[in-house]
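Note: the block below is structure.txt and it holds compact mmCIF, C-alpha atoms.
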```txt
# COMPACT_ATOMS: atom_id res chain seq x y z
CA MET E 1 102.50 90.07 111.50
CA SER E 2 100.65 90.78 114.73
CA ASP E 3 97.69 88.64 115.75
CA PHE E 4 95.37 91.66 115.49
CA VAL E 5 96.42 92.43 111.91
CA GLN E 6 96.06 88.77 110.97
CA SER E 7 92.57 88.71 112.51
CA LEU E 8 91.66 91.90 110.68
CA ARG E 9 92.69 90.36 107.37
CA LEU E 10 90.47 87.35 108.12
CA TRP E 11 87.44 89.62 108.44
CA PHE E 12 87.55 90.17 104.70
CA ALA E 13 89.05 86.83 103.62
CA PRO E 14 87.39 84.16 105.78
CA ARG E 15 88.56 81.38 103.46
CA ARG E 16 92.01 81.81 104.97
CA ILE E 17 90.65 80.44 108.23
CA ARG E 18 90.48 77.03 106.55
CA GLU E 19 94.27 77.07 106.29
CA GLU E 20 94.54 76.78 110.06
CA GLY E 21 94.11 73.61 112.06
CA GLU E 22 91.39 71.06 111.47
CA THR E 23 87.80 71.58 110.47
CA PRO E 24 85.61 71.54 113.59
CA ASP E 25 82.24 69.86 113.81
CA TYR E 26 79.98 72.03 111.65
CA ARG E 27 77.55 72.46 114.53
CA PHE E 28 80.16 74.51 116.41
CA SER E 29 80.77 76.73 113.39
CA LEU E 30 77.03 77.24 112.98
CA ALA E 31 76.68 78.07 116.68
CA ASN E 32 79.49 80.60 116.27
CA GLU E 33 77.63 82.13 113.33
CA ARG E 34 74.39 82.33 115.33
CA THR E 35 76.27 84.15 118.09
CA PHE E 36 77.65 86.56 115.48
CA LEU E 37 74.12 87.22 114.21
CA ALA E 38 72.88 87.82 117.77
CA TRP E 39 75.60 90.46 118.24
CA ILE E 40 74.59 92.06 114.93
CA ARG E 41 70.93 92.16 116.06
CA THR E 42 72.05 93.81 119.28
CA ALA E 43 74.07 96.36 117.30
CA LEU E 44 71.09 97.15 115.07
CA ALA E 45 68.82 97.54 118.10
CA LEU E 46 71.26 99.97 119.74
CA ILE E 47 71.59 102.00 116.54
CA GLY E 48 67.80 102.03 116.12
CA GLY E 49 67.42 103.12 119.74
CA GLY E 50 69.83 105.98 119.14
CA PHE E 51 67.83 107.18 116.16
CA ALA E 52 64.60 106.79 118.14
CA VAL E 53 65.95 108.97 120.96
CA ASP E 54 66.92 111.62 118.45
CA GLN E 55 63.61 111.54 116.55
CA PHE E 56 61.05 110.93 119.28
CA LEU E 57 62.34 113.03 122.15
CA PRO E 58 62.45 116.49 120.54
CA ASP E 59 61.57 118.23 123.81
CA LEU E 60 64.94 117.39 125.31
CA ARG E 61 67.73 119.90 125.15
CA TRP E 62 69.81 119.30 122.06
CA GLY E 63 72.94 118.33 124.04
CA VAL E 64 71.16 115.73 126.15
CA ARG E 65 69.31 114.27 123.18
CA ALA E 66 72.42 114.19 121.00
CA GLY E 67 74.52 112.72 123.82
CA LEU E 68 72.12 109.87 124.47
CA ALA E 69 71.60 109.20 120.76
CA LEU E 70 75.31 109.23 119.97
CA ALA E 71 76.09 106.98 122.94
CA LEU E 72 73.62 104.40 121.66
CA ILE E 73 74.71 104.68 118.02
CA GLY E 74 78.39 104.52 118.94
CA THR E 75 77.81 101.50 121.14
CA GLY E 76 75.93 99.82 118.28
CA ALA E 77 78.82 100.48 115.91
CA ALA E 78 81.32 99.08 118.42
CA CYS E 79 79.10 96.05 118.92
CA ALA E 80 79.01 95.35 115.17
CA VAL E 81 82.80 95.57 114.88
CA ARG E 82 83.23 93.41 117.94
CA ALA E 83 80.85 90.81 116.48
CA VAL E 84 83.02 90.09 113.47
CA ASN E 85 86.21 90.15 115.52
CA HIS E 86 84.77 87.67 118.02
CA TRP E 87 83.52 85.41 115.21
CA VAL E 88 87.00 85.23 113.67
CA ARG E 89 88.72 84.66 117.00
CA CYS E 90 86.33 81.85 117.95
CA GLU E 91 86.54 80.19 114.54
CA ARG E 92 90.35 80.22 114.68
CA ALA E 93 90.37 78.86 118.23
CA MET E 94 88.02 76.00 117.30
CA ARG E 95 90.16 75.08 114.29
CA ARG E 96 93.32 75.13 116.41
CA GLY E 97 91.77 73.13 119.25
CA GLU E 98 92.33 76.01 121.68
CA ASP E 99 90.09 77.37 124.40
CA LEU E 100 87.56 79.89 123.14
CA PRO E 101 88.65 83.50 123.68
CA VAL E 102 87.27 85.46 126.59
CA SER E 103 86.27 89.09 126.43
CA ARG E 104 85.37 92.00 128.66
CA PHE E 105 83.18 93.47 125.93
CA PRO E 106 79.87 91.96 127.14
CA ALA E 107 80.43 93.48 130.60
CA LEU E 108 81.35 96.86 129.10
CA LEU E 109 78.33 96.75 126.80
CA ALA E 110 76.01 95.92 129.69
CA LEU E 111 77.51 98.71 131.79
CA LEU E 112 77.12 101.30 129.04
CA VAL E 113 73.54 100.25 128.30
CA ALA E 114 72.75 100.45 132.04
CA VAL E 115 74.22 103.97 132.26
CA VAL E 116 72.27 105.17 129.21
CA SER E 117 69.13 103.52 130.62
CA LEU E 118 69.53 105.31 133.94
CA ALA E 119 70.04 108.58 132.09
CA MET E 120 66.84 107.91 130.16
CA VAL E 121 64.96 107.23 133.43
CA VAL E 122 66.18 110.56 134.78
CA VAL E 123 65.18 112.36 131.59
CA VAL E 124 61.72 110.79 131.48
CA SER E 125 61.10 111.27 135.21
CA TRP E 126 62.10 114.91 135.38
CA GLY E 127 60.78 115.99 132.00
CA ASP E 128 62.66 118.77 130.25
CA VAL E 129 66.36 118.49 130.93
```

Written as structure tokens, how would this file's structure read?
Amino acid sequence: MSDFVQSLRLWFAPRRIREEGETPDYRFSLANERTFLAWIRTALALIGGGFAVDQFLPDLRWGVRAGLALALIGTGAACAVRAVNHWVRCERAMRRGEDLPVSRFPALLALLVAVVSLAMVVVVSWGDV
């Protein structure tokens, strides 16, 4: 079974993680959980921002408004999925005594948020687009 499929199964059956390696210091597991919750808060903020763009900028052309809103909502959804995947990967790595996994996702998230932010600056600066 591929590592991805095994990780996906652990999303819904986290007790299986206990079958791997040794139990880490609980403080590390709690820190991993806090990081997960921070990613979830970020996802909720992005989704809320997408709905806010759609609801509070009615003067924008429909395509621009929908594009910005969907970009934010889609990024929020990706962030939520990535949060649980990262939590599982980190928990497994800690139990196995391995290095924590690295990811390009934070850089991609920052880049996408920056692009949407610049688009919002253009929209607000030039009015009706």

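Considering all atoms listed in the file, the residue among E:Ala71, E:Val84, E:Ala13, E:Leu60 positioned nearest to Ser117 in chain E is E:Ala71.
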
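Among E:Val81, E:Leu68, E:Val88, E:Leu30, the residue with the shortest atom-to-atom distance to Val115 in chain E, counting only C-alpha atoms, is E:Leu68.
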
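Across the model, the gap from CA of Asn85 in chain E to CA of Arg27 in chain E is 19.7 Å.
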
Self-check item: Computed interatomic separation between CA of Leu57 in chain E and CA of Leu112 in chain E (Å)
Solution: 20.1 Å

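Between Val124 in chain E and the residues E:Ala83, E:Val64, E:Leu109, E:Ala77, the shortest atom-to-atom distance, using all atoms listed in the file, involves E:Val64.
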
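Excluding Arg89 in chain E and any residue on its chain fewer than 4 positions from it, the residues at most 9 Å away by all atoms listed in the file are Ser7, Val84, Asn85, Ala93, Met94, Leu100 and Pro101 of chain E.
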
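Take CA of Thr23 in chain E and CA of Ala43 in chain E: the distance between them is 29.1 Å.
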
Quiz item: Given the choices E:Ala80, E:Leu72, E:Val102, E:Ala107, which gets closest to Arg41 in chain E if the distance is worked out from only C-alpha atoms?
Solution: E:Ala80

Exercise. Please check which residues have atoms at most 7 Å from (69.2, 110.7, 123.2) in the file's coordinates, counting all atoms listed in the file, and write them as a count of residues only.
Key: 9

Quiz prompt | Option closest in space to Glu91 in chain E, from E:Asp25, E:Arg61, E:Arg16, E:Asn32 [counting only C-alpha atoms] | solution = E:Asn32

Quiz item: Nearest to Ser103 in chain E: which of E:Val116, E:Arg82, E:Gly21, E:Pro14 is it, counting only C-alpha atoms?
Solution: E:Arg82
